[in-house]
Each structure stands twice: as C-alpha cells, then as structure tokens.
$ cat final34.txt   # compact mmCIF, C-alpha atoms
# COMPACT_ATOMS: atom_id res chain seq x y z
CA MET A 993 27.75 28.49 -5.55
CA ALA A 994 29.30 26.62 -2.68
CA ARG A 995 27.10 24.64 -0.31
CA THR A 996 27.01 26.39 3.05
CA LYS A 997 24.65 24.06 4.91
CA GLN A 998 25.57 20.56 6.02
CA THR A 999 22.42 19.01 4.60
CA ALA A 1000 22.07 15.92 2.46
CA ARG A 1001 21.79 16.31 -1.26
CA LYS A 1002 18.49 15.52 -2.93
CA VAL A 1003 18.31 11.90 -4.01
CA THR A 1004 16.24 10.55 -6.89
CA GLY A 1005 16.86 6.80 -6.68
CA GLY A 1006 19.07 4.36 -8.58
CA SER A 1007 21.71 2.42 -6.65
CA ALA A 1008 23.47 3.06 -3.37
CA PRO A 1009 26.26 1.27 -1.49
CA ARG A 1010 25.11 -1.14 1.20
CA VAL A 1011 25.93 -0.44 4.84
CA ASN A 1012 25.56 -2.75 7.83
CA LEU A 1013 23.10 -1.24 10.28
CA GLN A 1014 24.27 -3.53 13.07
CA VAL A 1015 27.70 -1.90 12.93
CA LEU A 1016 26.11 1.55 13.12
CA GLN A 1017 24.00 0.48 16.09
CA LYS A 1018 27.08 -0.76 17.95
CA LYS A 1019 28.78 2.58 17.35
CA LYS A 1020 25.75 4.39 18.70
CA ALA A 1021 25.58 2.12 21.73
CA LYS A 1022 29.19 2.86 22.58
CA ALA A 1023 28.58 6.59 22.28
CA LYS A 1024 25.51 6.58 24.49
CA ALA A 1025 23.60 3.77 26.17
CA ALA A 1026 20.03 3.49 25.03
CA SER A 1027 17.62 4.96 27.55
CA ASN A 1028 14.58 2.99 28.74
CA LYS A 1029 11.44 4.81 27.72
CA PRO A 1030 8.09 4.30 29.49
CA SER A 1031 5.60 2.16 27.66
CA LEU A 1032 1.98 3.12 27.31
CA LYS A 1033 -0.84 0.73 26.56
CA LYS A 1034 -3.52 1.52 24.08
CA PRO A 1035 -6.80 2.32 25.81
CA ALA A 1036 -9.67 -0.06 25.32
CA ASN A 1037 -11.72 0.61 22.23
CA ILE A 1038 -14.86 2.34 23.44
CA ASN A 1039 -16.39 2.79 19.99
CA SER A 1040 -18.73 -0.07 19.18
CA GLY A 1041 -19.75 1.04 15.71
CA TRP A 1042 -18.64 2.89 12.65
CA TRP A 1043 -21.68 5.05 12.02
CA GLY A 1044 -23.19 7.54 14.45
CA HIS A 1045 -26.02 10.03 14.69
CA VAL A 1046 -25.72 13.55 16.03
CA VAL A 1047 -28.31 13.88 18.80
CA SER A 1048 -29.13 17.25 20.34
CA GLU A 1049 -29.30 17.65 24.11
CA GLU A 1050 -33.05 18.19 24.17
CA HIS A 1051 -33.66 14.83 22.51
CA MET A 1052 -31.02 12.88 24.38
CA TYR A 1053 -33.56 11.46 26.83
CA LYS A 1054 -35.28 9.64 23.98
CA VAL A 1055 -32.07 7.98 22.93
CA LYS A 1056 -31.43 6.70 26.45
CA LYS A 1057 -34.73 4.87 26.71
CA LEU A 1058 -34.32 1.12 27.08
CA ASP A 1059 -36.67 0.32 24.22
CA VAL A 1060 -34.70 2.43 21.70
CA LYS A 1061 -32.57 0.43 19.29
CA PHE A 1062 -30.29 1.66 16.53
CA ILE A 1063 -30.00 0.00 13.15
CA CYS A 1064 -28.47 1.30 9.94
CA VAL A 1065 -30.65 1.70 6.85
CA THR A 1066 -28.93 -1.17 5.01
CA CYS A 1067 -29.48 -3.62 7.87
CA HIS A 1068 -33.09 -2.45 8.17
CA TRP A 1069 -33.67 -3.09 4.48
CA GLN A 1070 -32.00 -6.52 4.60
CA LYS A 1071 -34.15 -7.51 7.57
CA ASN A 1072 -37.45 -6.27 6.14
CA LYS A 1073 -37.00 -6.42 2.36
CA ASN A 1074 -39.68 -9.13 2.05
CA ASP A 1075 -42.05 -7.27 4.39
CA PRO A 1076 -41.25 -3.52 4.09
CA LYS A 1077 -41.56 -1.44 7.26
CA PRO A 1078 -41.03 2.28 7.95
CA TYR A 1079 -37.53 3.42 8.83
CA PHE A 1080 -37.20 6.28 11.31
CA TYR A 1081 -33.93 8.16 11.12
CA ALA A 1082 -32.28 11.29 12.38
CA MET A 1083 -32.49 14.45 10.26
CA THR A 1084 -28.73 14.95 10.54
CA SER A 1085 -26.03 12.33 10.84
CA GLN A 1086 -22.32 11.98 10.29
CA VAL A 1087 -19.78 9.25 9.83
CA ALA A 1088 -18.20 8.32 13.15
CA PRO A 1089 -15.01 6.37 12.39
CA LEU A 1090 -12.60 5.38 15.11
CA PRO A 1091 -9.75 7.79 16.06
CA THR A 1092 -7.27 7.58 13.20
CA ALA A 1093 -3.66 8.65 12.68
CA LEU A 1094 -1.87 8.98 9.35
CA VAL A 1095 1.94 8.92 9.53
CA HIS A 1096 4.34 9.58 6.67
CA LEU A 1097 7.85 8.18 7.16
CA TYR A 1098 10.12 9.43 4.42
CA LEU A 1099 13.80 9.47 3.56
CA GLU A 1100 15.38 12.77 4.51
CA GLY A 1101 16.33 14.67 1.37
CA ILE A 1102 14.04 12.74 -0.95
CA HIS A 1103 12.66 14.86 -3.77
CA GLN A 1104 9.61 16.86 -2.72
CA ASP A 1105 7.56 15.42 -5.60
CA ILE A 1106 8.08 11.83 -4.44
CA GLY A 1107 5.48 10.66 -1.95
CA HIS A 1108 4.59 14.01 -0.42
CA PRO A 1109 1.87 15.12 -2.90
CA GLN A 1110 0.21 11.70 -2.91
CA VAL A 1111 0.17 11.35 0.88
CA ALA A 1112 -1.11 14.94 1.17
CA MET A 1113 -4.04 14.08 -1.13
CA LEU A 1114 -4.97 11.05 0.96
CA HIS A 1115 -4.57 13.10 4.16
CA SER A 1116 -6.99 15.72 2.83
CA PHE A 1117 -9.45 12.98 1.91
CA LEU A 1118 -9.39 11.37 5.38
CA GLN A 1119 -9.35 14.59 7.36
CA ALA A 1120 -12.77 15.61 6.05
CA TYR A 1121 -14.35 12.70 7.92
CA PHE A 1122 -13.14 13.96 11.31
CA PRO A 1123 -14.65 17.44 11.76
CA GLU A 1124 -14.65 17.03 15.54
CA GLY A 1125 -11.04 15.91 15.81
CA ASP A 1126 -9.84 12.38 16.63
CA TYR A 1127 -7.49 12.58 13.65
CA ASN A 1128 -3.75 13.12 13.52
CA PHE A 1129 -1.42 13.63 10.58
CA SER A 1130 2.32 13.40 11.22
CA GLN A 1131 5.39 13.48 9.00
CA LEU A 1132 8.66 12.01 10.21
CA PRO A 1133 11.86 12.11 8.12
CA PHE A 1134 14.58 9.57 8.78
CA ASN A 1135 18.31 9.37 8.21
CA LEU A 1136 19.84 6.23 9.70
CA GLY A 1137 23.25 6.64 8.08
CA THR A 1138 25.17 7.80 11.17
CA PRO A 1139 24.89 7.03 14.91
CA GLU A 1140 23.96 10.66 15.63
CA SER A 1141 21.18 10.88 13.05
CA MET A 1142 19.98 7.41 14.07
CA GLU A 1143 19.63 8.47 17.69
CA ALA A 1144 17.80 11.65 16.68
CA TYR A 1145 15.29 9.63 14.69
CA GLU A 1146 14.72 7.17 17.52
CA GLN A 1147 13.93 10.00 19.93
CA GLU A 1148 11.47 11.62 17.53
CA ALA A 1149 9.85 8.28 16.67
CA SER A 1150 9.48 7.27 20.32
CA HIS A 1151 7.84 10.60 21.13
CA LEU A 1152 5.47 10.19 18.19
CA ALA A 1153 4.58 6.64 19.26
CA ASN A 1154 3.64 7.86 22.74
CA THR A 1155 1.46 10.55 21.16
CA LEU A 1156 -0.37 8.11 18.88
CA CYS A 1157 -1.06 5.37 21.42
CA ALA A 1158 -4.62 6.58 21.90
CA TYR A 1159 -5.52 6.19 18.22
CA SER A 1160 -7.36 3.01 17.28
CA LYS A 1161 -6.41 3.12 13.60
CA VAL A 1162 -2.92 3.96 12.31
CA VAL A 1163 -1.87 4.12 8.67
CA LEU A 1164 1.88 4.33 7.95
CA PHE A 1165 3.28 5.42 4.61
CA LEU A 1166 6.93 4.58 3.98
CA THR A 1167 8.57 6.58 1.17
CA THR A 1168 12.13 5.81 0.17
CA HIS A 1169 14.14 4.46 -2.76
CA SER A 1170 15.12 0.87 -3.40
CA ASP A 1171 18.28 -0.46 -4.99
CA GLU A 1172 17.27 -1.77 -8.40
CA ASP A 1173 19.58 -4.81 -8.28
CA ARG A 1174 19.60 -5.95 -4.64
CA GLY A 1175 16.22 -4.71 -3.45
CA ASP A 1176 17.90 -2.89 -0.53
CA LEU A 1177 16.12 0.18 0.84
CA PHE A 1178 17.79 3.58 1.11
CA ILE A 1179 18.31 4.35 4.80
CA GLY A 1180 20.01 7.75 4.79
CA TYR A 1181 23.36 9.34 4.10
CA ILE A 1182 27.03 9.00 5.01
CA ASN A 1183 29.15 12.00 4.07
CA ASN A 1184 26.15 13.39 2.17
CA LYS A 1185 26.00 10.31 -0.08
CA PRO A 1186 22.98 7.98 -0.02
CA VAL A 1187 23.45 4.49 1.39
CA ALA A 1188 21.18 1.45 1.49
CA SER A 1189 20.72 -1.54 3.75
CA LYS A 1190 19.08 -4.93 3.69
CA THR A 1191 15.31 -4.64 3.90
CA LEU A 1192 15.04 -6.69 7.11
CA GLU A 1193 17.73 -4.71 8.97
CA PHE A 1194 16.34 -1.38 7.84
CA LEU A 1195 12.70 -2.06 8.71
CA GLN A 1196 13.58 -3.50 12.11
CA LEU A 1197 15.51 -0.38 13.02
CA LEU A 1198 12.96 2.00 11.50
CA LEU A 1199 9.88 0.46 13.11
CA SER A 1200 11.26 -0.52 16.54
CA PRO A 1201 10.67 2.93 18.14
CA LEU A 1202 7.14 2.85 16.68
CA SER A 1203 6.36 -0.73 17.67
CA LYS A 1204 3.47 0.30 19.94
CA VAL A 1205 1.55 1.78 17.03
CA VAL A 1206 2.82 -0.55 14.28
CA ASP A 1207 1.04 -3.43 16.01
CA GLY A 1208 -2.32 -3.56 14.20
CA ALA A 1209 -1.45 -0.73 11.79
CA ASP A 1210 -1.65 -0.63 8.00
CA ILE A 1211 1.72 -0.03 6.29
CA ILE A 1212 1.83 1.19 2.68
CA PHE A 1213 5.19 0.99 0.92
CA TYR A 1214 5.85 3.85 -1.48
CA VAL A 1215 8.96 2.20 -2.90
CA CYS A 1216 9.79 0.71 -6.30
CA GLY A 1217 9.20 -2.94 -7.08
CA SER A 1218 12.65 -4.44 -6.49
CA VAL A 1219 11.74 -4.84 -2.81
CA VAL A 1220 9.07 -7.31 -4.00
CA THR A 1221 10.75 -8.93 -6.99
CA ASN A 1222 13.99 -9.66 -5.10
CA PRO A 1223 13.24 -12.82 -3.05
CA GLN A 1224 15.65 -12.00 -0.20
CA SER A 1225 14.24 -8.50 0.13
CA PHE A 1226 10.62 -9.66 0.14
CA ASN A 1227 11.39 -12.38 2.67
CA GLY A 1228 12.67 -9.57 4.88
CA VAL A 1229 9.31 -7.81 4.54
CA LYS A 1230 7.48 -10.96 5.64
CA GLU A 1231 9.84 -11.44 8.60
CA VAL A 1232 9.10 -7.89 9.71
CA ALA A 1233 5.36 -8.62 9.47
CA GLN A 1234 5.87 -11.68 11.69
CA HIS A 1235 7.78 -9.60 14.25
CA PHE A 1236 5.76 -6.37 14.46
CA ILE A 1237 2.30 -7.81 13.64
CA PRO A 1238 0.83 -4.98 11.52
CA ARG A 1239 -2.68 -5.59 10.26
CA THR A 1240 -1.60 -5.27 6.62
CA MET A 1241 1.38 -4.35 4.45
CA LEU A 1242 0.68 -3.12 0.93
CA LEU A 1243 3.35 -3.05 -1.80
CA PHE A 1244 3.62 -2.56 -5.57
CA ASP A 1245 5.98 -4.43 -7.89
CA ALA A 1246 6.42 -1.89 -10.74
CA GLU A 1247 10.10 -1.47 -11.57
CA HIS A 1248 9.77 2.32 -11.48
CA LEU A 1249 6.63 2.98 -9.44
CA GLN A 1250 4.57 6.00 -10.51
CA LEU A 1251 2.97 7.01 -7.23
CA ALA A 1252 0.21 9.07 -8.87
CA CYS A 1253 -1.29 5.84 -10.28
CA THR A 1254 -1.81 4.47 -6.76
CA VAL A 1255 -3.94 7.32 -5.36
CA PRO A 1256 -7.40 6.28 -6.69
CA TYR A 1257 -6.92 2.73 -5.43
CA LEU A 1258 -5.62 3.79 -2.03
CA GLN A 1259 -8.37 6.37 -1.58
CA SER A 1260 -11.00 3.71 -2.18
CA LEU A 1261 -9.18 1.24 0.07
CA LEU A 1262 -8.89 3.72 2.96
CA ASP A 1263 -12.51 4.72 2.54
CA ASN A 1264 -13.68 1.10 2.78
CA THR A 1265 -11.41 0.12 5.68
CA ILE A 1266 -10.74 3.20 7.83
CA ILE A 1267 -14.02 5.06 7.29
CA GLN A 1268 -16.57 2.32 6.64
CA GLY A 1269 -14.88 -0.43 8.60
CA PHE A 1270 -14.98 -3.26 6.10
CA PRO A 1271 -12.40 -6.07 6.38
CA VAL A 1272 -9.21 -5.47 4.41
CA SER A 1273 -9.51 -8.77 2.56
CA SER A 1274 -12.78 -7.74 0.90
CA ALA A 1275 -12.01 -4.00 0.69
CA ALA A 1276 -8.82 -4.69 -1.29
CA ARG A 1277 -10.92 -6.37 -3.97
CA VAL A 1278 -13.69 -3.77 -4.00
CA ALA A 1279 -11.11 -0.98 -4.45
CA LEU A 1280 -10.01 -2.60 -7.73
CA ASN A 1281 -13.08 -0.97 -9.29
CA ASP A 1282 -11.49 2.43 -8.68
CA CYS A 1283 -7.84 1.77 -9.52
CA GLY A 1284 -7.78 3.68 -12.81
CA MET A 1285 -4.55 2.99 -14.71
CA LEU A 1286 -2.79 1.21 -11.84
CA GLY A 1287 -3.34 -2.26 -13.28
CA ARG A 1288 -1.50 -1.43 -16.50
CA HIS A 1289 1.42 -0.13 -14.47
CA SER A 1290 1.84 -2.42 -11.46
CA ASN A 1291 0.59 -5.46 -9.63
CA ILE A 1292 -0.59 -5.12 -6.04
CA ILE A 1293 0.86 -7.21 -3.20
CA LEU A 1294 -1.13 -7.46 0.04
CA VAL A 1295 0.42 -9.03 3.15
CA MET A 1296 -2.17 -9.59 5.89
CA TRP A 1297 -3.14 -11.76 8.83
CA GLN A 1298 -5.95 -14.30 8.55
CA GLU A 1299 -6.73 -16.63 11.44
CA GLU A 1300 -3.28 -16.06 12.99
CA ALA A 1301 -1.54 -16.94 9.72
CA LEU A 1302 0.37 -14.55 7.46
CA VAL A 1303 -1.18 -14.55 3.98
CA VAL A 1304 0.24 -12.93 0.83
CA GLU A 1305 -2.21 -12.05 -1.93
CA LYS A 1306 -1.24 -10.76 -5.38
CA PHE A 1307 -3.67 -8.81 -7.55
CA LEU A 1308 -2.80 -8.99 -11.22
CA TRP A 1309 -4.52 -7.07 -14.04
CA THR A 1310 -5.07 -8.85 -17.33
CA ASP A 1311 -6.31 -7.65 -20.70
CA LYS A 1312 -6.63 -9.83 -23.77
CA HIS A 1313 -4.95 -7.27 -26.05
CA LEU A 1314 -2.65 -5.33 -23.72
CA LYS A 1315 -1.57 -7.62 -20.90
CA PRO A 1316 -2.70 -11.22 -21.52
CA TRP A 1317 -2.82 -13.07 -18.21
CA GLY A 1318 -0.58 -10.40 -16.73
CA HIS A 1319 2.20 -10.59 -19.36
CA LEU A 1320 3.15 -7.44 -21.25
CA LEU A 1321 3.20 -7.73 -25.03
CA PRO A 1322 6.12 -5.94 -26.72
CA VAL A 1323 5.21 -2.91 -28.79
CA GLN A 1324 7.69 -4.01 -31.45
CA CYS A 1325 8.15 -7.52 -32.77
CA PRO A 1326 11.62 -8.60 -31.56
CA GLN A 1327 12.16 -10.74 -34.67
CA CYS A 1328 11.28 -8.44 -37.58
CA GLY A 1329 11.07 -5.05 -35.87
CA THR A 1330 7.54 -4.18 -37.01
CA ILE A 1331 5.28 -2.11 -34.78
CA GLN A 1332 1.80 -3.56 -34.70
CA LYS A 1333 -1.27 -4.35 -32.74
CA TRP A 1334 -0.96 -7.98 -31.74
CA VAL A 1335 -3.95 -10.07 -32.76
CA GLY A 1336 -4.49 -13.25 -30.83
CA GLY A 1337 -6.78 -16.19 -30.43
CA SER A 1338 -7.75 -18.03 -27.27
CA ALA A 1339 -8.31 -21.68 -26.48
CA GLU A 1340 -9.75 -22.32 -23.02
CA LYS A 1341 -7.34 -20.43 -20.72
CA THR A 1342 -4.45 -19.92 -23.14
CA ILE A 1343 -4.06 -16.89 -25.44
CA SER A 1344 -1.74 -17.08 -28.45
CA PHE A 1345 -0.38 -14.30 -30.68
CA GLU A 1346 1.44 -14.29 -34.00
CA CYS A 1347 3.23 -11.50 -35.85
CA LYS A 1348 1.19 -10.49 -38.89
CA TYR A 1349 4.08 -9.11 -40.95
CA SER A 1350 4.30 -11.32 -44.03
CA ASN A 1351 8.11 -11.36 -44.09
CA CYS A 1352 8.63 -11.92 -40.36
CA GLY A 1353 11.45 -14.45 -39.97
CA LYS A 1354 12.17 -14.68 -43.69
CA THR A 1355 15.70 -14.03 -44.91
CA ILE A 1356 16.79 -12.63 -48.28
CA GLY A 1357 20.44 -13.72 -48.39
CA ALA A 1358 21.29 -17.02 -50.11
CA GLY A 1359 21.88 -19.97 -47.84
CA GLU A 1360 20.30 -18.39 -44.75
CA VAL A 1361 17.58 -20.25 -42.84
CA SER A 1362 14.15 -18.70 -42.56
CA LEU A 1363 12.23 -18.76 -39.30
CA PRO A 1364 8.48 -18.96 -38.69
CA PRO A 1365 6.68 -15.76 -37.67
CA LYS A 1366 7.22 -14.72 -34.04
CA THR A 1367 4.59 -16.17 -31.69
CA TYR A 1368 3.63 -15.82 -28.03
CA SER A 1369 1.44 -18.03 -25.86
CA PHE A 1370 0.27 -17.12 -22.37
CA SER A 1371 -1.72 -19.24 -19.91
CA ILE A 1372 -3.59 -18.18 -16.82
CA PRO A 1373 -1.30 -18.39 -13.74
CA GLU A 1374 -1.65 -21.41 -11.50
CA ASN A 1375 -4.09 -20.97 -8.59
CA ALA A 1376 -5.38 -17.68 -10.06
CA THR A 1377 -8.98 -16.63 -9.43
CA GLN A 1378 -10.67 -14.25 -11.86
CA LEU A 1379 -12.41 -11.47 -9.94
CA PRO A 1380 -15.64 -9.67 -10.92
CA GLN A 1381 -14.29 -6.34 -9.63
CA GLY A 1382 -13.11 -4.14 -12.49
CA LYS A 1383 -14.15 -6.72 -15.07
CA THR A 1384 -14.84 -5.51 -18.63
CA LYS A 1385 -15.31 -7.27 -21.96
CA THR A 1386 -11.58 -7.90 -22.46
CA SER A 1387 -9.98 -7.25 -19.06
CA SER A 1388 -10.26 -8.29 -15.42
CA TRP A 1389 -8.28 -8.71 -12.23
CA LEU A 1390 -6.75 -11.98 -11.02
CA GLN A 1391 -6.11 -12.88 -7.40
CA ILE A 1392 -3.27 -15.26 -6.57
CA THR A 1393 -2.33 -16.53 -3.13
CA LEU A 1394 1.47 -16.70 -2.94
$ encode --input "final34.txt" --output "structure tokens"
Amino acid sequence: MARTKQTARKVTGGSAPRVNLQVLQKKKAKAKAASNKPSLKKPANINSGWWGHVVSEEHMYKVKKLDVKFICVTCHWQKNKNDPKPYFYAMTSQVAPLPTALVHLYLEGIHQDIGHPQVAMLHSFLQAYFPEGDYNFSQLPFNLGTPESMEAYEQEASHLANTLCAYSKVVLFLTTHSDEDRGDLFIGYINNKPVASKTLEFLQLLLSPLSKVVDGADIIFYVCGSVVTNPQSFNGVKEVAQHFIPRTMLLFDAEHLQLACTVPYLQSLLDNTIIQGFPVSSAARVALNDCGMLGRHSNIILVMWQEEALVVEKFLWTDKHLKPWGHLLPVQCPQCGTIQKWVGGSAEKTISFECKYSNCGKTIGAGEVSLPPKTYSFSIPENATQLPQGKTKTSSWLQITL
C-alpha cells in the first residue's frame, strides 16, 4: 500500500549519513530570524528538607511552638544510640521531595519499544511519591533534519522550558540512535531518511532551548555505546557538560544497549537522589546493589561536577569466571574451537586462564609447528577501586576515575 502521510519511516538504528547542523541553522536563520524569548528565573528553593509530616489543622498550633524541633528517626537514633531516649513521631507521614519534572526527549519516528516502555516505568515509579502534585512528566519528540522541523522543535522546547522553570529537580532522558562507527547521534530525517550529526553539534542544538532547565538537571542517555567508546564523540559530551552545567550525565558503553537492563539501576538511583536526596556520587554506588544483569551487559559512565571540576567515573563489573577484571572471556577457544568453561588461577591482582583441551594448538600434518594451549591473562585496571556494593564471592564492581 502506498504511503499517504508525509511522516518519517520508523528507524531501528545502524548507520546514517552525517549532516552539518550549522548549515541547517544558517538556512533556518535566512528563512526567519530567531525571535527573542523572555527568560524566567527559577524561584528560590523554599523546601529545606526531604521528609515531611502531614499535620492536621487542629494540631498546627503545636507545630508552630518555638520549642518544637523536628528530627528524623535515623538522626535521633544516631544522636542517642549510646543513651536511648523516646522518639515521638506523627501517626501519618509522607515523603516530601522537591518539585520534580521528568522529560523524555526522543527521536521522532523511533520504534515505540525503544525508550518509551522504560521511561514509562520510571515515570510510574516517581509519580507515586507526589500524590499532591509538584510533579510533571513531559515527552518531546525532535527532528532536526530540516530548518522547518528544527524551528518547530525549538518553539516546543522553549515553551516546555518556561513551564518547567518552577521545578527544583529535572531529569532528562535522551533516546536516539548512534552511528556505530563514528559515534554520531541521529538527529532526524531528510527526505524521510535518517541522518546523524556530530555529538557536540547535536547536543548544543537540542539543549539550547532547554538551557534554563538543563542547568542543574540530570541527563540520562538512552543511546548505544559508540557515543562513549568513540573519543571524539565522548569529548563532545564533556564539552556540552562544561557549557550547560547539568548536575550529572549518565551513559552506558554497551555496543547494542538493552534498555531493559538499565531499569533496576536507574530506579534505585532516582530513588536515592530525587526522592531521598542523597548525593549522586554516593547514590550511584549504592544503586549498584540493585543493578541486576546490567553489569554483565554494560559499564556505567557518570559525568558529574565535584568542587567546580568535571569528573568522569566509570563503574565496571568484574567476575572471576565470566568477566575477569572487566574483560569478556570468549565462549569458544579461538585457537582450537572448543566450547568450555574457562578455569583460571589468580596471583595477587592478575587472573590467568588456559584452554583445557588436550590437543589445543597441536597439529597433525607433518612439518607443521605446534603451538602451546591458548592462554589469557587479565590484571586489575590502573587506578581501579574495588567497591563493596554488589560484592559476592566471585564478583564485584570497580570504580575508575577517567
């Protein structure tokens, strides 16, 4: 059946031709001069804490007394654990996190099973903590392939930024594809065909209309790992962090990222940071306890600010039998072709493996040279710290500052 609507075809990844966004911007500027939009400042944060009690009107006068002080049960216990004292608490209470907005930026035409179900799960999780409101969930598709679609996105993004200025916490999910060779990010379509652009150019154009809410926000990249493994692409990510000053940027380096594996980790991370208010640096480690199968699939890259300096932390899962010091063991011996469970021995911080097939490397033909059995040796990465979070008898997480 012929296509009757001028919509972009569904895209599932792979490679796409690179386009220069600066050229597209010049074309748009010639068509219509950019309009100056009013800027709004975020209101001062009036919430002083993360936990609150629900107090009825008839008991409000007690709360307002000067001699009434509030302390959470954990702080009370820490203060009086050597000399226990009674703790008086309200019969009903609720979590009182700061006003929070969750925004999903996604490539127009991307398959409905990519990003949308995972973000919807995390949205449902967060929404339950805001029964009285103060929570916003927005979805914003983008297509930056033509001047017209670029201008339409900028208008929608600017309107959304003005709406979200009052929210103290903003979490941005970015779902798109990445070029497997260059690390470019898919930006949209030209003549219904997907095109990509350099990471720096794309993110600058995508985030500029949202700059008022990107400042201090958490950005989670739902893209495949080439954006991290390609040095030029990842340098673009860090330049964007320097320019827009988000609180954190979280990425994964799996070649073909399976988004379902990220949900348990992200749910724990959002719970510890957005709901409970713990610092991202410690919450990112605590969430490793709840990451499920993520460690076997992908490393975690955290870009964050510490003391006015941009810091990049890498969390690497290691298992003595499956992923020694973060290196994947082949299922099949590349020398003899046998499928086996690798058996290794360790000496200090080096783990060595040898193929157990008796004829590995041996040749039958006359005059051919035999080789020793195939071996592997892996050492702990330089500057790696072994973490207690998620530690078992044979596996653990490593933290490396890049």
$ residues_around --input "final34.txt" --residues "A:Ser1218" --least-positions-apart "4" --cutoff "9 Å" --atoms "all atoms listed in the file" --output "PyMOL selection string"
chain A and resi 1170-1176+1222+1225-1226+1245-1248
$ write_last_selection --input "final34.txt" --atoms "C-alpha atoms" --output "short mmCIF file (atom, residue, chain, number, x, y, z; two decimals), in the coordinates of the input"
data_model
loop_
_atom_site.label_atom_id
_atom_site.label_comp_id
_atom_site.auth_asym_id
_atom_site.auth_seq_id
_atom_site.Cartn_x
_atom_site.Cartn_y
_atom_site.Cartn_z
CA SER A 1170 15.12 0.87 -3.40
CA ASP A 1171 18.28 -0.46 -4.99
CA GLU A 1172 17.27 -1.77 -8.40
CA ASP A 1173 19.58 -4.81 -8.28
CA ARG A 1174 19.60 -5.95 -4.64
CA GLY A 1175 16.22 -4.71 -3.45
CA ASP A 1176 17.90 -2.89 -0.53
CA ASN A 1222 13.99 -9.66 -5.10
CA SER A 1225 14.24 -8.50 0.13
CA PHE A 1226 10.62 -9.66 0.14
CA ASP A 1245 5.98 -4.43 -7.89
CA ALA A 1246 6.42 -1.89 -10.74
CA GLU A 1247 10.10 -1.47 -11.57
CA HIS A 1248 9.77 2.32 -11.48
#
$ atom_distance --input "final34.txt" --atom1 "atom CA of A:Ala1252" --atom2 "atom CA of A:Tyr1121"
22.5 Å
$ residues_around --input "final34.txt" --residues "A:Thr1386" --least-positions-apart "2" --cutoff "8 Å" --atoms "all atoms listed in the file" --output "NGL selection string"
:A and (1311-1313 or 1383-1384 or 1388)
$ closest_residue --input "final34.txt" --among "A:Lys1190, A:Thr1138, A:Thr1240, A:Gln1391" --to "A:Gln1224" --atoms "only C-alpha atoms"
A:Lys1190
$ atom_distance --input "final34.txt" --atom1 "atom CA of A:Ala1376" --atom2 "atom CA of A:Leu1390"
5.9 Å
$ atom_distance --input "final34.txt" --atom1 "atom CA of A:Val1206" --atom2 "atom CA of A:Gln1110"
21.3 Å
$ residues_around --input "final34.txt" --residues "A:Thr1330" --least-positions-apart "4" --cutoff "12 Å" --atoms "only C-alpha atoms" --output "VMD selection string"
chain A and resid 1322 to 1326 1334 1347 to 1353 1365 to 1366
$ closest_residue --input "final34.txt" --among "A:Leu1152, A:Leu1199, A:Ala1008, A:Met1241" --to "A:Trp1297" --atoms "only C-alpha atoms"
A:Met1241
$ build_atoms --input "final34.txt" --residues "stretch 1336-1341 of chain A" --atoms "all heavy atoms" --output "mmCIF file, keeping the file's coordinate frame"
data_model
loop_
_atom_site.group_PDB
_atom_site.id
_atom_site.type_symbol
_atom_site.label_atom_id
_atom_site.label_comp_id
_atom_site.auth_asym_id
_atom_site.auth_seq_id
_atom_site.Cartn_x
_atom_site.Cartn_y
_atom_site.Cartn_z
ATOM 1 N N GLY A 1336 -4.635 -11.915 -31.371
ATOM 2 C CA GLY A 1336 -4.490 -13.250 -30.830
ATOM 3 C C GLY A 1336 -5.783 -14.034 -30.825
ATOM 4 O O GLY A 1336 -6.874 -13.496 -31.032
ATOM 5 N N GLY A 1337 -5.639 -15.299 -30.587
ATOM 6 C CA GLY A 1337 -6.780 -16.190 -30.430
ATOM 7 C C GLY A 1337 -6.647 -16.941 -29.131
ATOM 8 O O GLY A 1337 -5.544 -17.134 -28.604
ATOM 9 N N SER A 1338 -7.772 -17.363 -28.568
ATOM 10 C CA SER A 1338 -7.750 -18.030 -27.270
ATOM 11 C C SER A 1338 -8.352 -19.418 -27.370
ATOM 12 O O SER A 1338 -9.282 -19.657 -28.157
ATOM 13 C CB SER A 1338 -8.523 -17.205 -26.233
ATOM 14 O OG SER A 1338 -9.857 -16.998 -26.650
ATOM 15 N N ALA A 1339 -7.795 -20.328 -26.599
ATOM 16 C CA ALA A 1339 -8.310 -21.680 -26.480
ATOM 17 C C ALA A 1339 -8.346 -22.012 -24.996
ATOM 18 O O ALA A 1339 -7.290 -22.132 -24.369
ATOM 19 C CB ALA A 1339 -7.437 -22.660 -27.245
ATOM 20 N N GLU A 1340 -9.549 -22.129 -24.443
ATOM 21 C CA GLU A 1340 -9.750 -22.320 -23.020
ATOM 22 C C GLU A 1340 -9.051 -21.183 -22.254
ATOM 23 O O GLU A 1340 -9.440 -20.030 -22.382
ATOM 24 C CB GLU A 1340 -9.245 -23.697 -22.580
ATOM 25 C CG GLU A 1340 -10.043 -24.835 -23.191
ATOM 26 C CD GLU A 1340 -9.597 -26.177 -22.691
ATOM 27 O OE1 GLU A 1340 -8.584 -26.235 -21.950
ATOM 28 O OE2 GLU A 1340 -10.253 -27.178 -23.024
ATOM 29 N N LYS A 1341 -7.986 -21.459 -21.524
ATOM 30 C CA LYS A 1341 -7.340 -20.430 -20.720
ATOM 31 C C LYS A 1341 -5.936 -20.097 -21.220
ATOM 32 O O LYS A 1341 -5.067 -19.685 -20.462
ATOM 33 C CB LYS A 1341 -7.297 -20.863 -19.248
ATOM 34 C CG LYS A 1341 -8.688 -20.972 -18.631
ATOM 35 C CD LYS A 1341 -8.629 -21.267 -17.144
ATOM 36 C CE LYS A 1341 -10.030 -21.288 -16.554
ATOM 37 N NZ LYS A 1341 -10.020 -21.524 -15.088
#
